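Shown next: data25.pdb, containing PDB, C-alpha atoms.
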ATOM      1  CA  MET A  12      14.032  27.167 -10.257
ATOM      2  CA  THR A  13      17.349  26.341 -11.936
ATOM      3  CA  SER A  14      17.343  24.812 -15.396
ATOM      4  CA  ARG A  15      18.903  21.579 -14.074
ATOM      5  CA  LEU A  16      16.152  21.078 -11.511
ATOM      6  CA  TRP A  17      13.478  22.001 -14.045
ATOM      7  CA  VAL A  18      14.766  19.300 -16.379
ATOM      8  CA  LYS A  19      14.774  16.841 -13.467
ATOM      9  CA  LEU A  20      11.152  17.717 -12.647
ATOM     10  CA  PHE A  21      10.161  17.466 -16.303
ATOM     11  CA  LEU A  22      11.730  14.042 -16.810
ATOM     12  CA  SER A  23      10.469  12.560 -13.538
ATOM     13  CA  THR A  24       6.914  13.746 -14.258
ATOM     14  CA  LEU A  25       7.202  12.445 -17.805
ATOM     15  CA  LEU A  26       8.239   9.008 -16.547
ATOM     16  CA  LEU A  27       5.494   9.006 -13.918
ATOM     17  CA  GLY A  28       2.854   9.767 -16.539
ATOM     18  CA  GLY A  29       4.065   6.968 -18.776
ATOM     19  CA  VAL A  30       4.143   4.375 -15.998
ATOM     20  CA  VAL A  31       0.748   5.317 -14.523
ATOM     21  CA  THR A  32      -0.937   5.315 -17.938
ATOM     22  CA  SER A  33       0.577   1.924 -18.772
ATOM     23  CA  ILE A  34      -0.802   0.384 -15.583
ATOM     24  CA  THR A  35      -4.158   2.156 -15.860
ATOM     25  CA  GLY A  36      -4.516   1.182 -19.510
ATOM     26  CA  PHE A  37      -4.268  -2.538 -18.862
ATOM     27  CA  ILE A  38      -6.800  -2.236 -16.025
ATOM     28  CA  VAL A  39      -9.508  -0.092 -17.644
ATOM     29  CA  ARG A  40      -9.168  -1.780 -21.047
ATOM     30  CA  TRP A  41      -8.669  -5.312 -19.794
ATOM     31  CA  ASP A  42     -11.546  -6.638 -21.901
ATOM     32  CA  GLU A  43      -9.688  -5.458 -24.987
ATOM     33  CA  PHE A  44      -6.184  -6.548 -23.958
ATOM     34  CA  SER A  45      -6.900  -9.772 -22.045
ATOM     35  CA  SER A  46      -6.646 -11.866 -25.223
ATOM     36  CA  ILE A  47      -2.925 -11.087 -25.613
ATOM     37  CA  PHE A  48      -2.220 -12.552 -22.148
ATOM     38  CA  MET A  49      -4.052 -15.823 -22.723
ATOM     39  CA  PRO A  50      -1.961 -17.241 -24.300
ATOM     40  CA  PHE A  51       0.800 -14.780 -23.459
ATOM     41  CA  ASP A  52       2.051 -12.958 -26.559
ATOM     42  CA  PHE A  53       5.231 -11.159 -25.560
ATOM     43  CA  LEU A  54       5.567  -9.010 -28.694
ATOM     44  CA  GLU A  55       1.923  -7.973 -28.601
ATOM     45  CA  VAL A  56       2.098  -7.100 -24.906
ATOM     46  CA  LEU A  57       5.284  -5.113 -25.513
ATOM     47  CA  SER A  58       3.636  -3.290 -28.419
ATOM     48  CA  VAL A  59       0.578  -2.338 -26.341
ATOM     49  CA  LEU A  60       2.795  -1.340 -23.404
ATOM     50  CA  PHE A  61       4.894   0.874 -25.656
ATOM     51  CA  TRP A  62       1.746   2.518 -27.048
ATOM     52  CA  LEU A  63       0.249   3.124 -23.588
ATOM     53  CA  PHE A  64       3.553   4.525 -22.336
ATOM     54  CA  GLY A  65       3.663   6.932 -25.283
ATOM     55  CA  VAL A  66       0.103   8.063 -24.576
ATOM     56  CA  GLY A  67       1.128   8.572 -20.945
ATOM     57  CA  LEU A  68       3.964  10.846 -22.030
ATOM     58  CA  ILE A  69       1.424  13.021 -23.855
ATOM     59  CA  PHE A  70      -0.812  13.134 -20.772
ATOM     60  CA  SER A  71       2.204  14.096 -18.668
ATOM     61  CA  ILE A  72       3.130  16.946 -21.000
ATOM     62  CA  ILE A  73      -0.468  18.231 -20.833
ATOM     63  CA  SER A  74      -0.253  18.048 -17.034
ATOM     64  CA  GLN A  75       3.006  19.997 -16.954
ATOM     65  CA  MET A  76       1.680  22.657 -19.310
ATOM     66  CA  GLY A  77      -1.328  23.087 -17.023
ATOM     67  CA  PHE A  78       0.887  23.263 -13.946
ATOM     68  CA  PHE A  79       3.149  26.018 -15.207
ATOM     69  CA  ALA A  80       0.156  27.864 -16.670
ATOM     70  CA  TYR A  81      -1.489  27.822 -13.239
ATOM     71  CA  LEU A  82       1.647  29.157 -11.533
ATOM     72  CA  THR A  83       1.439  32.137 -13.885
ATOM     73  CA  ILE A  84      -2.324  32.555 -13.408
ATOM     74  CA  HIS A  85      -1.928  32.356  -9.625
ATOM     75  CA  ARG A  86       0.578  35.211  -9.587
ATOM     76  CA  PHE A  87      -1.591  37.144 -12.005
ATOM     77  CA  GLY A  88      -4.648  36.634  -9.778
ATOM     78  CA  LEU A  89      -2.802  37.823  -6.693
ATOM     79  CA  GLY A  90      -1.671  40.885  -8.606
ATOM     80  CA  ILE A  91      -5.210  41.761  -9.671
ATOM     81  CA  PHE A  92      -7.075  41.138  -6.385
ATOM     82  CA  LYS A  93      -4.255  42.340  -4.094
ATOM     83  CA  SER A  94      -5.457  39.944  -1.384
ATOM     84  CA  HIS A  95      -5.035  36.218  -0.731
ATOM     85  CA  LYS A  96      -8.515  36.035   0.818
ATOM     86  CA  LEU A  97     -10.243  37.686  -2.132
ATOM     87  CA  TRP A  98      -8.329  35.604  -4.690
ATOM     88  CA  ASN A  99      -9.090  32.449  -2.688
ATOM     89  CA  GLY A 100     -12.777  33.393  -2.689
ATOM     90  CA  VAL A 101     -12.742  33.683  -6.474
ATOM     91  CA  GLN A 102     -11.041  30.295  -6.716
ATOM     92  CA  VAL A 103     -13.658  28.673  -4.467
ATOM     93  CA  VAL A 104     -16.434  29.985  -6.722
ATOM     94  CA  LEU A 105     -14.669  28.577  -9.785
ATOM     95  CA  ILE A 106     -14.174  25.215  -8.043
ATOM     96  CA  LEU A 107     -17.900  24.954  -7.285
ATOM     97  CA  PHE A 108     -18.785  26.007 -10.826
ATOM     98  CA  VAL A 109     -16.510  23.375 -12.379
ATOM     99  CA  LEU A 110     -17.825  20.599 -10.120
ATOM    100  CA  PHE A 111     -21.384  21.603 -11.043
ATOM    101  CA  ASP A 112     -20.456  21.537 -14.741
ATOM    102  CA  LEU A 113     -18.932  18.076 -14.415
ATOM    103  CA  VAL A 114     -22.256  16.743 -13.184
ATOM    104  CA  TYR A 115     -25.050  18.831 -14.708
ATOM    105  CA  PHE A 116     -23.773  19.695 -18.180
ATOM    106  CA  ARG A 117     -22.225  16.280 -18.820
ATOM    107  CA  TYR A 118     -25.445  14.602 -17.725
ATOM    108  CA  ASN A 119     -27.518  16.801 -20.055
ATOM    109  CA  ALA A 120     -25.101  16.246 -22.947
ATOM    110  CA  PHE A 121     -24.471  12.510 -22.697
ATOM    111  CA  ALA A 122     -27.037  10.793 -20.466
ATOM    112  CA  GLU A 123     -29.447   8.418 -22.179
ATOM    113  CA  GLN A 124     -33.133   8.291 -21.395
ATOM    114  CA  GLY A 125     -33.630   7.102 -17.823
ATOM    115  CA  GLU A 126     -29.898   6.976 -17.037
ATOM    116  CA  SER A 127     -28.948   7.620 -13.404
ATOM    117  CA  LEU A 128     -27.187  10.791 -12.320
ATOM    118  CA  LEU A 129     -25.003   8.857  -9.866
ATOM    119  CA  PRO A 130     -22.130   7.968 -12.270
ATOM    120  CA  TYR A 131     -21.730  11.650 -13.135
ATOM    121  CA  ILE A 132     -21.796  12.641  -9.463
ATOM    122  CA  GLY A 133     -19.313   9.864  -8.696
ATOM    123  CA  LEU A 134     -16.824  11.153 -11.261
ATOM    124  CA  ALA A 135     -16.949  14.666  -9.815
ATOM    125  CA  ALA A 136     -16.774  13.289  -6.257
ATOM    126  CA  MET A 137     -13.686  11.251  -7.142
ATOM    127  CA  LEU A 138     -11.942  14.345  -8.484
ATOM    128  CA  LEU A 139     -12.999  16.335  -5.411
ATOM    129  CA  ALA A 140     -11.645  13.623  -3.089
ATOM    130  CA  ALA A 141      -8.309  13.566  -4.945
ATOM    131  CA  GLY A 142      -8.153  17.353  -4.737
ATOM    132  CA  LEU A 143      -8.908  17.428  -1.011
ATOM    133  CA  ILE A 144      -6.313  14.752  -0.219
ATOM    134  CA  THR A 145      -3.643  16.565  -2.241
ATOM    135  CA  ALA A 146      -4.556  19.941  -0.711
ATOM    136  CA  PHE A 147      -4.302  18.540   2.842
ATOM    137  CA  LEU A 148      -0.917  17.016   2.019
ATOM    138  CA  LYS A 149       0.205  20.345   0.585
ATOM    139  CA  VAL A 150      -0.782  22.148   3.783
ATOM    140  CA  ARG A 151       1.226  19.652   5.851
ATOM    141  CA  ILE A 152       4.436  20.447   3.980
ATOM    142  CA  SER A 153       3.702  24.141   3.463
ATOM    143  CA  THR A 154       1.243  26.604   5.024
ATOM    144  CA  LYS A 155      -2.535  26.658   5.432
ATOM    145  CA  GLU A 156      -2.750  29.421   2.808
ATOM    146  CA  THR A 157      -1.869  26.860   0.130
ATOM    147  CA  PHE A 158      -5.039  24.784   0.669
ATOM    148  CA  ILE A 159      -7.397  26.661  -1.686
ATOM    149  CA  PRO A 160      -4.819  27.177  -4.470
ATOM    150  CA  ALA A 161      -3.922  23.473  -4.309
ATOM    151  CA  LEU A 162      -7.589  22.457  -4.404
ATOM    152  CA  PHE A 163      -8.220  24.850  -7.299
ATOM    153  CA  PHE A 164      -5.333  23.412  -9.277
ATOM    154  CA  MET A 165      -6.345  19.808  -8.645
ATOM    155  CA  ILE A 166      -9.983  20.370  -9.629
ATOM    156  CA  VAL A 167     -10.220  23.267 -12.067
ATOM    157  CA  VAL A 168      -6.931  22.883 -13.932
ATOM    158  CA  THR A 169      -7.192  19.088 -14.041
ATOM    159  CA  THR A 170     -10.694  19.404 -15.518
ATOM    160  CA  ILE A 171      -9.469  21.842 -18.165
ATOM    161  CA  GLU A 172      -6.709  19.392 -19.096
ATOM    162  CA  TRP A 173      -9.331  16.626 -19.188
ATOM    163  CA  VAL A 174     -11.789  18.485 -21.459
ATOM    164  CA  PRO A 175     -10.752  16.936 -24.831
ATOM    165  CA  ILE A 176     -11.630  13.449 -23.548
ATOM    166  CA  LEU A 177     -14.697  14.619 -21.614
ATOM    167  CA  ARG A 178     -16.152  16.054 -24.802
ATOM    168  CA  VAL A 179     -15.749  12.714 -26.567
ATOM    169  CA  ASN A 180     -17.089  10.885 -23.469
ATOM    170  CA  GLU A 181     -15.556   7.518 -24.384
ATOM    171  CA  TYR A 182     -15.642   5.552 -21.118
ATOM    172  CA  SER A 183     -12.233   3.879 -21.183
ATOM    173  CA  TRP A 184     -10.449   7.058 -22.319
ATOM    174  CA  VAL A 185     -12.114   9.131 -19.593
ATOM    175  CA  TRP A 186     -10.587   6.883 -16.946
ATOM    176  CA  LEU A 187      -7.361   6.299 -18.849
ATOM    177  CA  MET A 188      -6.602  10.022 -18.832
ATOM    178  CA  ILE A 189      -7.842  11.136 -15.431
ATOM    179  CA  PHE A 190      -5.583   8.945 -13.275
ATOM    180  CA  PRO A 191      -2.301  10.074 -14.904
ATOM    181  CA  LEU A 192      -3.484  13.700 -14.761
ATOM    182  CA  ILE A 193      -4.365  13.485 -11.076
ATOM    183  CA  ILE A 194      -1.131  11.727 -10.118
ATOM    184  CA  CYS A 195       1.135  13.940 -12.251
ATOM    185  CA  ASN A 196      -0.586  17.111 -11.038
ATOM    186  CA  ALA A 197      -0.409  16.030  -7.396
ATOM    187  CA  TYR A 198       3.253  15.040  -7.791
ATOM    188  CA  GLN A 199       4.233  18.409  -9.255
ATOM    189  CA  LEU A 200       2.254  20.316  -6.645
ATOM    190  CA  LEU A 201       3.737  18.416  -3.701
ATOM    191  CA  ILE A 202       7.318  18.362  -4.921
ATOM    192  CA  LEU A 203       7.417  22.029  -5.961
ATOM    193  CA  GLN A 204       8.492  23.295  -2.533
ATOM    194  CA  LYS A 205      11.331  20.765  -2.335
ATOM    195  CA  ILE A 206      12.485  21.707  -5.832
ATOM    196  CA  ASN A 207      12.406  25.416  -4.941
ATOM    197  CA  GLU A 208      14.433  24.799  -1.770
ATOM    198  CA  GLN A 209      17.019  22.807  -3.716
ATOM    199  CA  SER A 210      17.143  25.567  -6.311
ATOM    200  CA  ARG A 211      17.643  28.212  -3.615
ATOM    201  CA  MET A 212      20.494  26.216  -2.040
ATOM    202  CA  HIS A 213      22.090  25.687  -5.421
ATOM    203  CA  ARG A 214      21.990  29.418  -6.158
ATOM    204  CA  GLN A 215      23.504  30.198  -2.753
ATOM    205  CA  GLN A 216      26.344  27.764  -3.419
ATOM    206  CA  LEU A 217      27.001  29.410  -6.782
ATOM    207  CA  ASP A 218      26.989  32.861  -5.176
ATOM    208  CA  GLN A 219      29.437  31.701  -2.491
ATOM    209  CA  LYS A 220      31.791  30.328  -5.133
ATOM    210  CA  LYS A 221      31.659  33.634  -7.003
ATOM    211  CA  ASN A 222      32.527  35.560  -3.837
ATOM    212  CA  ILE A 223      35.541  33.365  -2.940
ATOM    213  CA  PRO A 224      38.692  35.416  -3.724
ATOM    214  CA  LEU A 225      41.150  33.843  -6.105
ATOM    215  CA  LYS A 226      44.431  32.660  -4.565
ATOM    216  CA  LYS A 227      47.530  34.512  -5.692
TER     217      LYS A 227
END
Kindly present the structure from the file in C-alpha cells form.
Amino acid sequence: MTSRLWVKLFLSTLLLGGVVTSITGFIVRWDEFSSIFMPFDFLEVLSVLFWLFGVGLIFSIISQMGFFAYLTIHRFGLGIFKSHKLWNGVQVVLILFVLFDLVYFRYNAFAEQGESLLPYIGLAAMLLAAGLITAFLKVRISTKETFIPALFFMIVVTTIEWVPILRVNEYSWVWLMIFPLIICNAYQLLILQKINEQSRMHRQQLDQKKNIPLKK
C-alpha cells in the first residue's frame, strides 16, 4: 500500500468513525441530550456534537490499530501453521471462545440477582450477525478463503478493541462504542482489496515512468 493511499484510508476511516459516533451518541443517549433540543439550543447541540465527533475519532483510531495489528497477526499465523486450513481452524476456536466469554463471563461479572441471560446473548448475537454479514460481503468481492479471517477480525479483534468499555459495563458507552467499531472495521476490511489494487496500479505506473527513456 502506498503512503498516499494509506493516508486516504486513514482519513476516510477517521471521518467515518466521527460521523457514526455522533449519530449513535444522540440515539443511545437521547434521554440525556433531549433537553438541548426542546427548546433547541444551537451552541449546546454544537458542543455535544463536537464532543461526540472527537470521541468517534478515538474509536476510529482504536479500530485502525486493531486492523493493522490483525494483518500482522494473520501473516504471522500463516507462517507458524503453514496451512490456511489449520490457521482457519485455530481462528474458529478463538471465535467460539470469545463469543462464549461475551455471554458467560460478562453475565457472571455484571448480572444482578435474577437478571435474564438474554441481553448478554443478544449482544454476542448482534456481533456475530455483523461479523457474518461482513464476512459474506468479503467473500463476494474476494475469495471464499477470506470468510474465516474476516469473521475472526470482526468478532475477536472487535471484542478486544471493545474490552475497555466492556469492563466498565456502562450501558450507553457499550453501545456508543460498538457501532463505530463494527462499521469502521467492516469498512477497512471491505475496502482493503480496492486499496491494494489501486496501490498496485500506482506502482506499475511509477515503474513505467522510470523505464521510459529520456528524449535526447
Show me, as a PDB file with C-alpha atoms, in the frame of the given file, the residues that have an atom within 12 Å of Tyr182 (chain A) when counting all atoms listed in the file, minus same-chain residues fewer than 3 positions from it.
ATOM      1  CA  VAL A  39      -9.508  -0.092 -17.644  1.00  0.00           C
ATOM      2  CA  ARG A  40      -9.168  -1.780 -21.047  1.00  0.00           C
ATOM      3  CA  PHE A 121     -24.471  12.510 -22.697  1.00  0.00           C
ATOM      4  CA  PRO A 130     -22.130   7.968 -12.270  1.00  0.00           C
ATOM      5  CA  TYR A 131     -21.730  11.650 -13.135  1.00  0.00           C
ATOM      6  CA  LEU A 134     -16.824  11.153 -11.261  1.00  0.00           C
ATOM      7  CA  ILE A 176     -11.630  13.449 -23.548  1.00  0.00           C
ATOM      8  CA  LEU A 177     -14.697  14.619 -21.614  1.00  0.00           C
ATOM      9  CA  ARG A 178     -16.152  16.054 -24.802  1.00  0.00           C
ATOM     10  CA  VAL A 179     -15.749  12.714 -26.567  1.00  0.00           C
ATOM     11  CA  VAL A 185     -12.114   9.131 -19.593  1.00  0.00           C
ATOM     12  CA  TRP A 186     -10.587   6.883 -16.946  1.00  0.00           C
ATOM     13  CA  LEU A 187      -7.361   6.299 -18.849  1.00  0.00           C
ATOM     14  CA  MET A 188      -6.602  10.022 -18.832  1.00  0.00           C
ATOM     15  CA  ILE A 189      -7.842  11.136 -15.431  1.00  0.00           C
TER      16      ILE A 189
END
Enumerate, as a PDB file with C-alpha atoms, in the frame of the given file, the residues matched when the PyMOL selection byres ((chain A and resi 24-26) around 12) is run on the file above.
ATOM      1  CA  TRP A  17      13.478  22.001 -14.045  1.00  0.00           C
ATOM      2  CA  VAL A  18      14.766  19.300 -16.379  1.00  0.00           C
ATOM      3  CA  LYS A  19      14.774  16.841 -13.467  1.00  0.00           C
ATOM      4  CA  LEU A  20      11.152  17.717 -12.647  1.00  0.00           C
ATOM      5  CA  PHE A  21      10.161  17.466 -16.303  1.00  0.00           C
ATOM      6  CA  LEU A  22      11.730  14.042 -16.810  1.00  0.00           C
ATOM      7  CA  SER A  23      10.469  12.560 -13.538  1.00  0.00           C
ATOM      8  CA  LEU A  27       5.494   9.006 -13.918  1.00  0.00           C
ATOM      9  CA  GLY A  28       2.854   9.767 -16.539  1.00  0.00           C
ATOM     10  CA  GLY A  29       4.065   6.968 -18.776  1.00  0.00           C
ATOM     11  CA  VAL A  30       4.143   4.375 -15.998  1.00  0.00           C
ATOM     12  CA  VAL A  31       0.748   5.317 -14.523  1.00  0.00           C
ATOM     13  CA  THR A  32      -0.937   5.315 -17.938  1.00  0.00           C
ATOM     14  CA  SER A  33       0.577   1.924 -18.772  1.00  0.00           C
ATOM     15  CA  PHE A  64       3.553   4.525 -22.336  1.00  0.00           C
ATOM     16  CA  GLY A  65       3.663   6.932 -25.283  1.00  0.00           C
ATOM     17  CA  VAL A  66       0.103   8.063 -24.576  1.00  0.00           C
ATOM     18  CA  GLY A  67       1.128   8.572 -20.945  1.00  0.00           C
ATOM     19  CA  LEU A  68       3.964  10.846 -22.030  1.00  0.00           C
ATOM     20  CA  ILE A  69       1.424  13.021 -23.855  1.00  0.00           C
ATOM     21  CA  PHE A  70      -0.812  13.134 -20.772  1.00  0.00           C
ATOM     22  CA  SER A  71       2.204  14.096 -18.668  1.00  0.00           C
ATOM     23  CA  ILE A  72       3.130  16.946 -21.000  1.00  0.00           C
ATOM     24  CA  ILE A  73      -0.468  18.231 -20.833  1.00  0.00           C
ATOM     25  CA  SER A  74      -0.253  18.048 -17.034  1.00  0.00           C
ATOM     26  CA  GLN A  75       3.006  19.997 -16.954  1.00  0.00           C
ATOM     27  CA  MET A  76       1.680  22.657 -19.310  1.00  0.00           C
ATOM     28  CA  PHE A  78       0.887  23.263 -13.946  1.00  0.00           C
ATOM     29  CA  PRO A 191      -2.301  10.074 -14.904  1.00  0.00           C
ATOM     30  CA  LEU A 192      -3.484  13.700 -14.761  1.00  0.00           C
ATOM     31  CA  ILE A 193      -4.365  13.485 -11.076  1.00  0.00           C
ATOM     32  CA  ILE A 194      -1.131  11.727 -10.118  1.00  0.00           C
ATOM     33  CA  CYS A 195       1.135  13.940 -12.251  1.00  0.00           C
ATOM     34  CA  ASN A 196      -0.586  17.111 -11.038  1.00  0.00           C
ATOM     35  CA  ALA A 197      -0.409  16.030  -7.396  1.00  0.00           C
ATOM     36  CA  TYR A 198       3.253  15.040  -7.791  1.00  0.00           C
ATOM     37  CA  GLN A 199       4.233  18.409  -9.255  1.00  0.00           C
ATOM     38  CA  LEU A 200       2.254  20.316  -6.645  1.00  0.00           C
ATOM     39  CA  LEU A 201       3.737  18.416  -3.701  1.00  0.00           C
ATOM     40  CA  ILE A 202       7.318  18.362  -4.921  1.00  0.00           C
ATOM     41  CA  LEU A 203       7.417  22.029  -5.961  1.00  0.00           C
TER      42      LEU A 203
END
#### Entry: Shell around Leu148 (chain A) at 12 Å using only C-alpha atoms, local window under 4 positions removed, as a ChimeraX atom specification
/A:141-144,152-155,157-158,161-162,197-198,200-202
### Query
What residues come out when you apply the PyMOL selection byres ((chain A and resi 167) around 9) to this file, written as JSON, numbers by chain?
{"A": [102, 105, 106, 109, 110, 162, 163, 164, 165, 166, 168, 169, 170, 171, 172]}
Enclosing box along x, y and z for every listed atom of region 70-82 of chain A, padded 5 Å each side, centre and size in Å, one decimal, as JSON:
{"center_x": 0.8, "center_y": 21.1, "center_z": -16.3, "size_x": 14.6, "size_y": 26.0, "size_z": 19.5}
### Summary
Computed gap from CA of Ile132 (chain A) to CA of Lys96 (chain A) is 28.8 Å
### Query
Given the choices A:Val59, A:Leu107, A:Leu89, A:Met212, which gets closest to Leu16 (chain A) if the distance is worked out from only C-alpha atoms?
A:Met212
### Task
Run the PyMOL selection byres ((chain A and resi 85) around 12) on the file and write out the hits as a list in words.
Gly77, Phe78, Phe79, Ala80, Tyr81, Leu82, Thr83, Ile84, Arg86, Phe87, Gly88, Leu89, Gly90, Ile91, Phe92, Lys93, Ser94, His95, Trp98, Asn99, Val101, Gln102, Thr157, Ile159, Pro160, Ala161, Phe163, Phe164 and Val168 of chain A
Just write the chosen residues, C-alpha atoms, as a short mmCIF file (atom, residue, chain, number, x, y, z; two decimals), in the coordinates of the input.
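Saved file selection-v6.cif follows:
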data_model
loop_
_atom_site.label_atom_id
_atom_site.label_comp_id
_atom_site.auth_asym_id
_atom_site.auth_seq_id
_atom_site.Cartn_x
_atom_site.Cartn_y
_atom_site.Cartn_z
CA GLY A 77 -1.33 23.09 -17.02
CA PHE A 78 0.89 23.26 -13.95
CA PHE A 79 3.15 26.02 -15.21
CA ALA A 80 0.16 27.86 -16.67
CA TYR A 81 -1.49 27.82 -13.24
CA LEU A 82 1.65 29.16 -11.53
CA THR A 83 1.44 32.14 -13.88
CA ILE A 84 -2.32 32.56 -13.41
CA ARG A 86 0.58 35.21 -9.59
CA PHE A 87 -1.59 37.14 -12.00
CA GLY A 88 -4.65 36.63 -9.78
CA LEU A 89 -2.80 37.82 -6.69
CA GLY A 90 -1.67 40.88 -8.61
CA ILE A 91 -5.21 41.76 -9.67
CA PHE A 92 -7.08 41.14 -6.38
CA LYS A 93 -4.26 42.34 -4.09
CA SER A 94 -5.46 39.94 -1.38
CA HIS A 95 -5.04 36.22 -0.73
CA TRP A 98 -8.33 35.60 -4.69
CA ASN A 99 -9.09 32.45 -2.69
CA VAL A 101 -12.74 33.68 -6.47
CA GLN A 102 -11.04 30.30 -6.72
CA THR A 157 -1.87 26.86 0.13
CA ILE A 159 -7.40 26.66 -1.69
CA PRO A 160 -4.82 27.18 -4.47
CA ALA A 161 -3.92 23.47 -4.31
CA PHE A 163 -8.22 24.85 -7.30
CA PHE A 164 -5.33 23.41 -9.28
CA VAL A 168 -6.93 22.88 -13.93
#
### Task
Provide the CA of Val150 (chain A) to CA of Gln209 (chain A) distance in Å, to one decimal place.
19.3 Å
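CA of Phe111 (chain A) to CA of Trp184 (chain A) spans 21.4 Å [interatomic distance, one decimal].
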